[in-house]
Amino acid sequence: MTGRIAKKRGEWINRDKPLTFEYEGQVVNGYEGDTISSALWAAGIRVLGRSFKYHRARGLLSFANHDVNALMTDGEDTNIRADVWPVSQGMALSAVNTDGGVVKDRNKYIDKLSPFLPVGFYYKTFYKPKSLFPFWEDKIRKAAGLGKVNFNYPRILKPKRYAHCDVLIVGAGASGLSAAVAAAKQGLNVILVDENKQAGGSLTYDFAGDQTTADTLNNLLDEVTSNANIRLITGAYAGGYYTDHLVPIVGVDGITKVRAKTVIVASGVFEQPPVFRYNDLPGVMLGSATQRLINRYAVKPFQKGVVVTANDHGYRTALDMAAVGIEVVAVIDMRRDGAKRDLAEKVTEKGIAVHKGSCIYEVVPASNKMAVKEVVVCHYNEDTAEADPRSAVRLSCDGVAMSAGWAPAAALLYQAGTKMRFDYDVQQFVPDQLPEGVFAAGKVNGVFDLKARLLDGQRAAVEASNYLGNASELITVTNPEMASPSHPYPIVNHPKGKNFVDFDEDIQVKDFINAAKEGFDNIELMKRFTTVGMGPSQGKHSNMNAIRILARIRQLPVEKIGTTTARPFFHPTPIGHLGGRSFHPHRYTAMHQWHVDNGGVMMEAGVWMRPAYYVPAGSHLSASDAVQEEAMAVRQSVGMIDGSTLGKIEVFGQDAAAFLERFYTGKFAGQKVGGSRIAMLLDEAGVMVDDGVAVRMAEDKFYVSTNSSNAATVYREMQRNIQLWGMQVTLVNLTGAMAAMTVAGPASRSVVETLIDIDVSAQGLPDGAYKEGQVAGIDARVMRVSFVSDLAFEIHVPYKAGMHVWQALMAAGKQVGIRAFGTDAQRLLRLEMGHHLVSHDTDGLTNPFEAHSESLVAMDKDFFIGQRSLKIIEKKPLNKKLVTFVLDNGFTGELPKECNLVIENGDIKGRVTSISHSNYLNRIIGFAFVSPEQSKSGSRFQVRTDSGAMVPATVTQAPFFHLLESKGA
Amino acid sequence: MPLGLLKYALSKEHPAPRFFRDCTEPKKSYDAVIIGGGGHGLAAAYYLAKDFGITNVAVLEKGYIGGGNTGRNTTIVRSNYLTPEGVNFYDASVKMYEDLSQELDLNLFYSTRGHFTLAHTDSAMRTMRWRAEVNKHVGVESRVVGPDEISQACPQLDISCSGQAPIQGALYHAPGSVARHDAVAWGYAKEADRMGVEIFQSTEVTGIDVKSGKVVGVNTSKGYIETNRVLSAVAGFTPRITEMVDIETPIVIHPLQACVSEPMKPWLDTILVSGSLHVYVSQSSRGELVMGSSLDPYEMHSTRSSLDFVEGLTSHIVDMFPFLSNVKVVRQWAGMADLTPDFAPIMGKTPVEGFYLDAGWGTWGFKATPISGKTMAETMARDIAPDLIEPFRLTRFEDYELTGEKGAASVGH
């Protein structure tokens, strides 16, 4: 391990636990605690990846997940962020998006073609002739993308956790830690989160050659960890800010959704690369990256380095390098006046030369183009942002540390709706107007001095506390006089380019200039045309420089350029984490187990599971035979269906009847207690939404059923309208609380009678009547209904008693051959009866006049939902009509399917909505929409089948049982 | 390497002109003013100039070109609608798109990838057959296919959807395509500008001047402009514009959200939509999965993202593609959709003379960009709406002559 240095105080690696892994086929040693990149760098490996577009060799840049130079795959996972991902024993890694390995990548030739590939080149070619585009597109798609997805990767379901707190503090650096301690002292309950695996932020690496900050950190950490009010979460990032202080904390093991009362954003800053030719060579990295390597992982970034800087941080970096024996050849300071005296002196004392008013004009690569050989340094005019290559000198080195400035990690602040302003003193966008309950502290707030940052954290904590109702004395923070931490224009042009601004997307300075020339000269258009900030690191290292370049091009101040929108997520977030457990709840009726035990073929019906039909054990019925047999049993004797999925809503209160009159199309005010009426619901446009039954249980109490699929919708609409209309009505949704079953067929009465304690004779319970009694000893609600059969009883009992009653009825019906029937037979039976199904036979435009339901509509009422529309519609000719039809007797051709079209003279006149063979009738019957002219009984129309054959059909009356008589006659 | 790129390497100066001028000061008057510099507005400007020689046109854009729903949609172009009028209209758009790169002299990356609308239930299969039948009837290539054919086109798709919602079949629409959405706006802007249309960015319309039922001018953040023809081609803001001329529409605004994954080597060659799972997904030529869902279920005038959108969407994505568990979502965003009661647009003339409406594009506006531009240009030039957009007239709501697209469009952008 050539690059590993002596043990550092507070280092993040565990030297007692060495490990080995493979990278590109080479065995590498590392330690537990290393990231992939730190271990590779320690081993002297410099090429960690190839760039997205030009396939240029890349090493470390931010070493902080602010770039994607080093994306790896282990064969299982892909796009692994090597800079921050922990290395583990036995990993076998390689870089993504290479052909033939990261060093020999055959695609590196693309770099040579870069002059032919100017910004937006793909808009300007490949489309002439049109026929060639697919060829080029195929090539482009092959070149696109980063890692290859592993199609065998397991489906991982990560549970989500939920947390609540008074203050969520994002970022556990100096200001965040200080805010946490202060907030906890105010009695607040704090969650403190940091994406690094250890808290401390820059206190863990920005030492400037000594380790006094480590003492500050340890004191803070002691206070944080000993305070029961503070929950510290490390190794997890705040993914985004959502309305009402909802912040998902994304960790390796899943997401914790934090709903906070206040949020303090102390997320710090991203270091920004200065821009010069070949600033992307392996060995050229950010100053903070060198500090992290040295002070967290005890790895030398290089042996002999140059620091290029435009702020004081570069000097601190130089001192950290010197402290571990790296030869620092020079500090190249782009500022005319250099650093403040004490820092400059410290650096000079170490024998490091300082070149003020100078820049790196270009880095000279080694012959393999994959390492630094020397740098070309020349004078730099800060006012004109021009380098003077005539003054160039060459400095030999194997690495460059770059410190020119920062950009705020303000994504969460933007998402919360913070208005930012550009502060020229710190050369940074800082919060101007914060939303309620959101606070900012530390560097993201433009405060860089350590003491001031600690105080700023306390200030934010007090403000958060006062926002929550306390009245503590406010703290004022004043920034001490200091040089700007960021340079206004750390960008050096070069006629040969390759001075990179966005490393994800290989975007150079000239790309911005050319984009502007082509008219893309506002920041949003520039982003979209150049793709700056659109790569996986979302502009963390590139957006600020893009803004500065555009400001310079347009000769406008930076704040006039503005920023692009910072959208979630802060870091790319796994689909499996977000998807969570992927719940798909199913509801079972009380009789579910009976259905399963008796061969029920269960189908999803919304959230419910229902038997479509039954194939009893030992029988070999086809689906259609099963359905026909079940239906036949109902026609000839008796059958029973589980109807528990029906919506069941009790509506009561003094306005109950008046409410139903407004809600449904029919009349309910005069309805007799113990009677039932059809309850048809329309939408505002007069379109049929639902039909159910309303039973009047008492003067002020109704029991309303809805179609199974509409149970939730109708209940919700009822609730909504009760509020809107201000009526004295209470609802109880009994959909899940009641089991329901329908006993149907000529023998149904004889079966029910054996178990019931009330009179269900034709006089005792005529069609449409409702009674309460006991069935098999259970309190039941009983209705005479006629949806599937002229004689049928719908029995509702409490859920828990459902199975008991069902089994009792089954036993009672045994001698008359009772059969359970499923939803398929129900569809056939209701079709034979001529009952349409709303939203099966009707669609999103069908009104009652088109579906023979005008008798259910009381147009003379004062109001009902949809009435206003129907008043207009009823004056207009109908466009279509729903009819019942029969195919010719003995039809044997290709059976039309539901949704085959009704065609006349080449025009669409309608479509089949239901069609089925009925064994009972021995005919093929159905519902169809036809034109009004075709809708009279006896009219003929043509249905076009899948294969294009035309099948004649005849409109006929329903119920269809008259077909039996005509056949007999 | 195409020869067209040679000049960039050989030339010292970047040899490409501006796409569009940097217009800052509007003239006193224009023959037509178009509100909204998105795809629709710019296309209308282009066809006004090209088809009718009306070039004294100002396009007024509050933000930047293509910054509204043009730049926020998931770029799907298709014509497999449910009603004959819908199918005919969108089919005309698809046909224009197919030649649009050549016409606008800009590669729009119009890529015909085939579009599967997956059906997981019997009732969804019925709707697929309905759409297929109507599509076939008017000559659009759509058919119902079974799971095998879906698997062939997309072997990575878990047909059982992790056992949660087994796929029974799909409506396959071969012409289904994706395109580079921004480029469509830029291309129209470029060619409209070339013919003399002036495009003003960062220019907001604050009022429309109507005298005796006729448009006479517009008030803008850059002063008053005289004109007697105004087209509103905005999204998410239609009610604010129609308020200015005292017209009521039934439009309500719902957010529509989408997200993209990090780039990966392309593997998804088709466009997949699932109504039951509320998912649509395709893979861009950058390698990102572009994913969307149905409209947010509430009215809201905001482009804020919500967490539950991306949670719901991704939970269904892992049902369809279990192996994507550890692939990452990079970015989510939202647009504002003008929604009409019948899921069809509002196009054409209005009760105010000289005020034209191109609105109500809900979730389906991008695919209609060329045809809406062309037909609205004709409407403005001749003051008569062409037959193709007659079904979408504003008065259909009073007349109860709604189109029947509701249901077919609810997820399938």
# chains A, B, ... in the order shown; residues from 1 in each chain; ligands from 1
$ interface_residues --of "chain B" --to "chain A" --cutoff "7 Å" --atoms "only C-alpha atoms" --output "mmCIF file with N, CA and C atoms, in the first residue's frame"
data_model
loop_
_atom_site.group_PDB
_atom_site.id
_atom_site.type_symbol
_atom_site.label_atom_id
_atom_site.label_comp_id
_atom_site.auth_asym_id
_atom_site.auth_seq_id
_atom_site.Cartn_x
_atom_site.Cartn_y
_atom_site.Cartn_z
ATOM 1 N N PRO B 2 -21.117 11.056 -39.124
ATOM 2 C CA PRO B 2 -21.743 11.761 -40.237
ATOM 3 C C PRO B 2 -20.901 12.962 -40.666
ATOM 4 N N GLY B 4 -21.802 15.768 -41.627
ATOM 5 C CA GLY B 4 -22.342 17.044 -41.164
ATOM 6 C C GLY B 4 -21.598 17.609 -39.968
ATOM 7 N N LEU B 5 -20.890 16.740 -39.264
ATOM 8 C CA LEU B 5 -20.194 17.217 -38.065
ATOM 9 C C LEU B 5 -18.791 17.732 -38.376
ATOM 10 N N LEU B 6 -18.341 17.508 -39.624
ATOM 11 C CA LEU B 6 -16.978 17.910 -39.993
ATOM 12 C C LEU B 6 -16.717 19.384 -39.742
ATOM 13 N N TYR B 8 -17.699 21.396 -37.663
ATOM 14 C CA TYR B 8 -17.445 21.830 -36.296
ATOM 15 C C TYR B 8 -15.985 21.628 -35.904
ATOM 16 N N ALA B 9 -15.393 20.574 -36.466
ATOM 17 C CA ALA B 9 -13.997 20.318 -36.155
ATOM 18 C C ALA B 9 -13.086 21.220 -36.969
ATOM 19 N N HIS B 14 -17.333 28.573 -33.668
ATOM 20 C CA HIS B 14 -18.462 27.631 -33.664
ATOM 21 C C HIS B 14 -19.413 28.014 -34.799
ATOM 22 N N ALA B 16 -22.355 27.756 -35.904
ATOM 23 C CA ALA B 16 -23.801 27.567 -35.837
ATOM 24 C C ALA B 16 -24.446 28.883 -35.449
ATOM 25 N N PRO B 17 -25.489 29.272 -36.169
ATOM 26 C CA PRO B 17 -26.178 30.527 -35.845
ATOM 27 C C PRO B 17 -27.084 30.354 -34.640
ATOM 28 N N ARG B 18 -27.624 31.460 -34.165
ATOM 29 C CA ARG B 18 -28.615 31.397 -33.081
ATOM 30 C C ARG B 18 -29.845 30.648 -33.560
ATOM 31 N N PHE B 19 -30.447 29.863 -32.702
ATOM 32 C CA PHE B 19 -31.717 29.214 -33.016
ATOM 33 C C PHE B 19 -32.805 30.271 -33.170
ATOM 34 N N PHE B 20 -32.753 31.233 -32.277
ATOM 35 C CA PHE B 20 -33.783 32.272 -32.287
ATOM 36 C C PHE B 20 -33.156 33.554 -31.763
ATOM 37 N N ARG B 21 -33.679 34.677 -32.241
ATOM 38 C CA ARG B 21 -33.123 35.963 -31.822
ATOM 39 C C ARG B 21 -33.449 36.219 -30.353
ATOM 40 N N SER B 101 -38.364 16.085 -37.940
ATOM 41 C CA SER B 101 -36.931 16.385 -37.840
ATOM 42 C C SER B 101 -36.439 16.999 -39.139
ATOM 43 N N GLN B 102 -36.895 16.421 -40.260
ATOM 44 C CA GLN B 102 -36.471 16.928 -41.561
ATOM 45 C C GLN B 102 -37.082 18.304 -41.810
ATOM 46 N N LEU B 106 -33.765 19.705 -37.587
ATOM 47 C CA LEU B 106 -33.227 19.508 -36.243
ATOM 48 C C LEU B 106 -33.571 18.083 -35.838
ATOM 49 N N ASN B 107 -32.613 17.386 -35.309
ATOM 50 C CA ASN B 107 -32.902 16.000 -34.927
ATOM 51 C C ASN B 107 -33.705 15.978 -33.629
ATOM 52 N N LEU B 108 -34.939 15.585 -33.734
ATOM 53 C CA LEU B 108 -35.824 15.552 -32.563
ATOM 54 C C LEU B 108 -35.761 14.213 -31.864
ATOM 55 N N ARG B 126 -61.054 -5.712 -22.029
ATOM 56 C CA ARG B 126 -62.187 -5.249 -22.839
ATOM 57 C C ARG B 126 -61.888 -3.872 -23.426
ATOM 58 N N ARG B 129 -59.546 -4.064 -26.260
ATOM 59 C CA ARG B 129 -60.167 -4.519 -27.501
ATOM 60 C C ARG B 129 -60.981 -3.394 -28.127
ATOM 61 N N TRP B 130 -61.650 -2.644 -27.279
ATOM 62 C CA TRP B 130 -62.439 -1.508 -27.777
ATOM 63 C C TRP B 130 -61.530 -0.542 -28.529
ATOM 64 N N GLU B 133 -60.281 -2.005 -31.773
ATOM 65 C CA GLU B 133 -61.305 -2.040 -32.820
ATOM 66 C C GLU B 133 -61.487 -0.658 -33.441
ATOM 67 N N GLN B 156 -37.559 -8.610 -20.084
ATOM 68 C CA GLN B 156 -37.241 -8.329 -18.678
ATOM 69 C C GLN B 156 -38.491 -8.117 -17.832
ATOM 70 N N GLN B 164 -48.462 -9.881 -8.235
ATOM 71 C CA GLN B 164 -49.428 -8.918 -7.701
ATOM 72 C C GLN B 164 -50.532 -8.591 -8.694
ATOM 73 N N GLU B 262 -31.220 7.033 -12.765
ATOM 74 C CA GLU B 262 -29.876 7.300 -13.261
ATOM 75 C C GLU B 262 -29.691 6.538 -14.585
ATOM 76 N N PRO B 263 -28.731 6.982 -15.391
ATOM 77 C CA PRO B 263 -28.556 6.321 -16.691
ATOM 78 C C PRO B 263 -28.011 4.908 -16.536
ATOM 79 N N MET B 264 -28.525 4.014 -17.336
ATOM 80 C CA MET B 264 -27.967 2.662 -17.400
ATOM 81 C C MET B 264 -27.980 2.247 -18.867
ATOM 82 N N LYS B 265 -27.223 1.229 -19.178
ATOM 83 C CA LYS B 265 -27.172 0.771 -20.561
ATOM 84 C C LYS B 265 -28.584 0.425 -21.025
ATOM 85 N N PRO B 266 -28.982 0.939 -22.179
ATOM 86 C CA PRO B 266 -30.371 0.717 -22.608
ATOM 87 C C PRO B 266 -30.730 -0.765 -22.703
ATOM 88 N N SER B 285 -32.703 7.915 -24.767
ATOM 89 C CA SER B 285 -31.446 7.629 -25.457
ATOM 90 C C SER B 285 -30.233 8.039 -24.620
ATOM 91 N N ARG B 286 -30.457 8.620 -23.448
ATOM 92 C CA ARG B 286 -29.365 8.814 -22.483
ATOM 93 C C ARG B 286 -29.236 7.615 -21.546
ATOM 94 N N GLY B 287 -30.225 6.740 -21.598
ATOM 95 C CA GLY B 287 -30.170 5.553 -20.752
ATOM 96 C C GLY B 287 -30.984 5.686 -19.475
ATOM 97 N N SER B 306 -44.220 15.492 -4.781
ATOM 98 C CA SER B 306 -44.651 14.861 -3.534
ATOM 99 C C SER B 306 -43.947 13.523 -3.389
ATOM 100 N N LEU B 307 -43.738 13.136 -2.137
ATOM 101 C CA LEU B 307 -43.053 11.870 -1.874
ATOM 102 C C LEU B 307 -43.950 10.686 -2.198
ATOM 103 N N VAL B 310 -43.789 9.339 -5.803
ATOM 104 C CA VAL B 310 -42.648 8.519 -6.211
ATOM 105 C C VAL B 310 -42.635 7.195 -5.440
ATOM 106 N N GLU B 311 -43.180 7.203 -4.241
ATOM 107 C CA GLU B 311 -43.299 5.937 -3.502
ATOM 108 C C GLU B 311 -44.265 4.985 -4.212
ATOM 109 N N GLY B 312 -45.409 5.521 -4.593
ATOM 110 C CA GLY B 312 -46.408 4.686 -5.263
ATOM 111 C C GLY B 312 -45.905 4.177 -6.602
ATOM 112 N N THR B 314 -42.772 3.834 -7.712
ATOM 113 C CA THR B 314 -41.670 2.869 -7.646
ATOM 114 C C THR B 314 -42.140 1.523 -7.099
ATOM 115 N N SER B 315 -43.140 1.521 -6.222
ATOM 116 C CA SER B 315 -43.601 0.231 -5.708
ATOM 117 C C SER B 315 -44.181 -0.591 -6.859
ATOM 118 N N VAL B 318 -41.158 -1.863 -9.238
ATOM 119 C CA VAL B 318 -40.490 -3.104 -8.795
ATOM 120 C C VAL B 318 -41.397 -4.320 -8.952
ATOM 121 N N PRO B 322 -38.642 -6.514 -11.017
ATOM 122 C CA PRO B 322 -38.110 -6.716 -9.653
ATOM 123 C C PRO B 322 -36.624 -6.391 -9.545
ATOM 124 N N PHE B 323 -35.886 -6.562 -10.645
ATOM 125 C CA PHE B 323 -34.436 -6.376 -10.586
ATOM 126 C C PHE B 323 -34.029 -4.913 -10.482
ATOM 127 N N LEU B 324 -34.998 -4.002 -10.558
ATOM 128 C CA LEU B 324 -34.653 -2.577 -10.458
ATOM 129 C C LEU B 324 -34.581 -2.088 -9.010
ATOM 130 N N SER B 325 -34.709 -3.001 -8.053
ATOM 131 C CA SER B 325 -34.745 -2.594 -6.641
ATOM 132 C C SER B 325 -33.643 -1.627 -6.255
ATOM 133 N N ASN B 326 -32.442 -1.869 -6.787
ATOM 134 C CA ASN B 326 -31.341 -1.019 -6.354
ATOM 135 C C ASN B 326 -30.912 -0.008 -7.410
ATOM 136 N N VAL B 327 -31.694 0.114 -8.467
ATOM 137 C CA VAL B 327 -31.466 1.199 -9.430
ATOM 138 C C VAL B 327 -32.078 2.461 -8.840
ATOM 139 N N LYS B 328 -31.461 3.586 -9.121
ATOM 140 C CA LYS B 328 -31.822 4.773 -8.341
ATOM 141 C C LYS B 328 -32.600 5.819 -9.133
ATOM 142 N N VAL B 329 -33.510 6.460 -8.430
ATOM 143 C CA VAL B 329 -34.230 7.603 -8.991
ATOM 144 C C VAL B 329 -33.364 8.837 -8.776
ATOM 145 N N VAL B 330 -33.104 9.550 -9.857
ATOM 146 C CA VAL B 330 -32.239 10.723 -9.763
ATOM 147 C C VAL B 330 -33.047 11.979 -9.457
ATOM 148 N N ARG B 331 -34.216 12.071 -10.095
ATOM 149 C CA ARG B 331 -34.878 13.386 -10.069
ATOM 150 C C ARG B 331 -36.369 13.179 -10.275
ATOM 151 N N GLN B 332 -37.167 13.915 -9.554
ATOM 152 C CA GLN B 332 -38.604 13.925 -9.794
ATOM 153 C C GLN B 332 -39.058 15.356 -10.030
ATOM 154 N N TRP B 333 -40.157 15.495 -10.738
ATOM 155 C CA TRP B 333 -40.664 16.839 -11.002
ATOM 156 C C TRP B 333 -42.167 16.771 -11.245
ATOM 157 N N TYR B 400 -73.442 19.462 -24.456
ATOM 158 C CA TYR B 400 -73.342 18.043 -24.075
ATOM 159 C C TYR B 400 -72.993 17.166 -25.271
ATOM 160 N N GLY B 404 -65.569 11.025 -25.967
ATOM 161 C CA GLY B 404 -65.576 9.914 -25.010
ATOM 162 C C GLY B 404 -64.210 9.394 -24.668
ATOM 163 N N LYS B 406 -62.518 9.862 -21.937
ATOM 164 C CA LYS B 406 -62.293 9.584 -20.530
ATOM 165 C C LYS B 406 -62.132 8.072 -20.356
ATOM 166 N N GLY B 407 -61.162 7.696 -19.651
ATOM 167 C CA GLY B 407 -60.935 6.258 -19.486
ATOM 168 C C GLY B 407 -59.744 5.809 -20.296
#
$ select_by_dssp --residues "segment 250-336 of chain A" --states "strand (DSSP E or B)" --output "PyMOL selection string"
chain A and resi 250-251+254-265+269-271+275+277+284-286+299+304-309+327-333
$ write_last_selection --atoms "N, CA and C atoms" --output "compact mmCIF listing (two decimals), in the first residue's frame"
# COMPACT_ATOMS: atom_id res chain seq x y z
N VAL A 250 -32.73 8.73 3.97
CA VAL A 250 -32.43 7.52 3.20
C VAL A 250 -31.14 6.91 3.70
N GLY A 251 -31.23 5.71 4.22
CA GLY A 251 -30.05 4.99 4.68
C GLY A 251 -29.87 3.71 3.89
N GLY A 254 -32.92 1.40 4.27
CA GLY A 254 -34.26 1.86 3.96
C GLY A 254 -34.49 3.31 4.31
N ILE A 255 -35.74 3.70 4.23
CA ILE A 255 -36.10 5.11 4.40
C ILE A 255 -36.84 5.31 5.72
N THR A 256 -36.46 6.37 6.42
CA THR A 256 -37.24 6.82 7.57
C THR A 256 -37.91 8.12 7.18
N LYS A 257 -39.22 8.15 7.24
CA LYS A 257 -39.94 9.36 6.88
C LYS A 257 -40.10 10.22 8.13
N VAL A 258 -39.43 11.33 8.14
CA VAL A 258 -39.45 12.20 9.32
C VAL A 258 -40.42 13.34 9.08
N ARG A 259 -41.38 13.45 9.98
CA ARG A 259 -42.27 14.61 9.96
C ARG A 259 -41.84 15.49 11.13
N ALA A 260 -41.22 16.61 10.79
CA ALA A 260 -40.63 17.45 11.83
C ALA A 260 -41.50 18.67 12.07
N LYS A 261 -41.39 19.24 13.26
CA LYS A 261 -42.09 20.50 13.50
C LYS A 261 -41.30 21.67 12.92
N THR A 262 -39.99 21.54 12.95
CA THR A 262 -39.13 22.53 12.30
C THR A 262 -37.94 21.80 11.69
N VAL A 263 -37.34 22.45 10.72
CA VAL A 263 -36.17 21.86 10.05
C VAL A 263 -35.05 22.89 10.04
N ILE A 264 -33.88 22.47 10.51
CA ILE A 264 -32.69 23.32 10.37
C ILE A 264 -31.79 22.69 9.31
N VAL A 265 -31.56 23.43 8.26
CA VAL A 265 -30.71 22.92 7.18
C VAL A 265 -29.29 23.42 7.46
N VAL A 269 -21.59 22.99 2.21
CA VAL A 269 -21.32 23.44 0.86
C VAL A 269 -20.60 22.33 0.09
N PHE A 270 -20.72 22.42 -1.23
CA PHE A 270 -19.96 21.52 -2.10
C PHE A 270 -18.76 22.29 -2.62
N GLU A 271 -17.58 21.69 -2.55
CA GLU A 271 -16.44 22.38 -3.15
C GLU A 271 -16.57 22.33 -4.68
N VAL A 275 -11.68 25.73 -13.18
CA VAL A 275 -11.75 25.15 -14.51
C VAL A 275 -10.51 25.53 -15.31
N ARG A 277 -7.55 23.61 -18.44
CA ARG A 277 -7.36 22.48 -19.35
C ARG A 277 -6.81 21.27 -18.61
N VAL A 284 -5.75 15.10 -10.37
CA VAL A 284 -6.23 16.46 -10.12
C VAL A 284 -7.53 16.32 -9.33
N MET A 285 -7.54 16.84 -8.13
CA MET A 285 -8.75 16.67 -7.31
C MET A 285 -8.99 17.90 -6.45
N LEU A 286 -10.15 17.95 -5.85
CA LEU A 286 -10.49 19.08 -5.00
C LEU A 286 -9.66 19.05 -3.72
N VAL A 299 -4.48 8.32 3.62
CA VAL A 299 -3.99 8.00 2.27
C VAL A 299 -3.38 9.26 1.68
N LYS A 304 3.89 14.42 -4.82
CA LYS A 304 4.46 15.74 -5.07
C LYS A 304 3.36 16.57 -5.71
N GLY A 305 2.80 17.46 -4.95
CA GLY A 305 1.60 18.10 -5.44
C GLY A 305 1.70 19.61 -5.58
N VAL A 306 0.80 20.13 -6.38
CA VAL A 306 0.63 21.56 -6.53
C VAL A 306 -0.77 21.90 -6.04
N VAL A 307 -0.87 23.01 -5.33
CA VAL A 307 -2.20 23.47 -4.93
C VAL A 307 -2.55 24.68 -5.79
N VAL A 308 -3.72 24.58 -6.45
CA VAL A 308 -4.21 25.79 -7.13
C VAL A 308 -5.40 26.26 -6.33
N THR A 309 -5.39 27.55 -6.03
CA THR A 309 -6.44 28.02 -5.14
C THR A 309 -6.89 29.42 -5.50
N GLU A 327 5.33 16.44 -0.68
CA GLU A 327 6.06 17.60 -1.17
C GLU A 327 5.08 18.53 -1.89
N VAL A 328 4.89 19.72 -1.32
CA VAL A 328 4.01 20.69 -1.98
C VAL A 328 4.88 21.63 -2.78
N VAL A 329 4.77 21.48 -4.08
CA VAL A 329 5.67 22.23 -4.96
C VAL A 329 5.36 23.72 -4.92
N ALA A 330 4.07 24.03 -4.93
CA ALA A 330 3.71 25.44 -4.92
C ALA A 330 2.24 25.59 -4.63
N VAL A 331 1.91 26.77 -4.09
CA VAL A 331 0.50 27.17 -4.02
C VAL A 331 0.31 28.23 -5.09
N ILE A 332 -0.59 27.92 -6.03
CA ILE A 332 -0.87 28.86 -7.12
C ILE A 332 -2.16 29.58 -6.74
N ASP A 333 -2.04 30.84 -6.43
CA ASP A 333 -3.21 31.59 -5.95
C ASP A 333 -3.71 32.51 -7.05
$ residues_around --residues "Ser486 of chain A" --least-positions-apart "4" --cutoff "6 Å" --atoms "only C-alpha atoms" --output "PDB file with C-alpha atoms, in the first residue's frame"
ATOM      1  CA  ALA A 404     -11.388  27.880  -5.518  1.00  0.00           C
ATOM      2  CA  GLY A 405     -14.765  28.058  -3.916  1.00  0.00           C
ATOM      3  CA  TRP A 406     -17.985  26.478  -2.855  1.00  0.00           C
ATOM      4  CA  GLN A 427     -19.723  34.894  -3.466  1.00  0.00           C
TER       5      GLN A 427
END
$ select_by_dssp --residues "segment 695-724 of chain A" --states "helix (DSSP H, G or I)" --output "list in words"
Ser708, Ser709, Asn710, Ala711, Ala712, Thr713, Val714, Tyr715, Arg716, Glu717, Met718, Gln719, Arg720, Asn721, Ile722, Gln723 and Leu724 of chain A
$ write_last_selection --atoms "C-alpha atoms" --output "PDB file, in the first residue's frame"
ATOM      1  CA  SER A 708     -68.824  -3.676  -5.200  1.00  0.00           C
ATOM      2  CA  SER A 709     -66.360  -1.637  -7.204  1.00  0.00           C
ATOM      3  CA  ASN A 710     -67.924   1.664  -6.149  1.00  0.00           C
ATOM      4  CA  ALA A 711     -68.226   1.089  -2.411  1.00  0.00           C
ATOM      5  CA  ALA A 712     -65.420   3.465  -1.517  1.00  0.00           C
ATOM      6  CA  THR A 713     -66.298   6.066  -4.139  1.00  0.00           C
ATOM      7  CA  VAL A 714     -69.955   6.333  -3.193  1.00  0.00           C
ATOM      8  CA  TYR A 715     -69.142   6.556   0.508  1.00  0.00           C
ATOM      9  CA  ARG A 716     -66.617   9.302  -0.184  1.00  0.00           C
ATOM     10  CA  GLU A 717     -69.021  11.244  -2.400  1.00  0.00           C
ATOM     11  CA  MET A 718     -71.727  10.955   0.237  1.00  0.00           C
ATOM     12  CA  GLN A 719     -69.403  12.333   2.876  1.00  0.00           C
ATOM     13  CA  ARG A 720     -68.331  15.148   0.595  1.00  0.00           C
ATOM     14  CA  ASN A 721     -71.852  16.164  -0.299  1.00  0.00           C
ATOM     15  CA  ILE A 722     -73.095  16.032   3.278  1.00  0.00           C
ATOM     16  CA  GLN A 723     -70.460  18.639   4.022  1.00  0.00           C
ATOM     17  CA  LEU A 724     -71.218  20.696   0.931  1.00  0.00           C
TER      18      LEU A 724
END
$ residues_around --residues "Glu378 of chain B" --least-positions-apart "3" --cutoff "9 Å" --atoms "only C-alpha atoms" --output "ChimeraX atom specification"
/B:44,47-48,51-52,373-375,381-386
$ closest_residue --among "B:Asp105, B:Pro239, B:Ala165, B:Tyr97" --to "Thr121 of chain B" --atoms "only C-alpha atoms"
B:Ala165
$ closest_residue --among "B:Thr369, B:Thr112, B:Ser11, B:Thr55" --to "Gly38 of chain B" --atoms "only C-alpha atoms"
B:Thr369
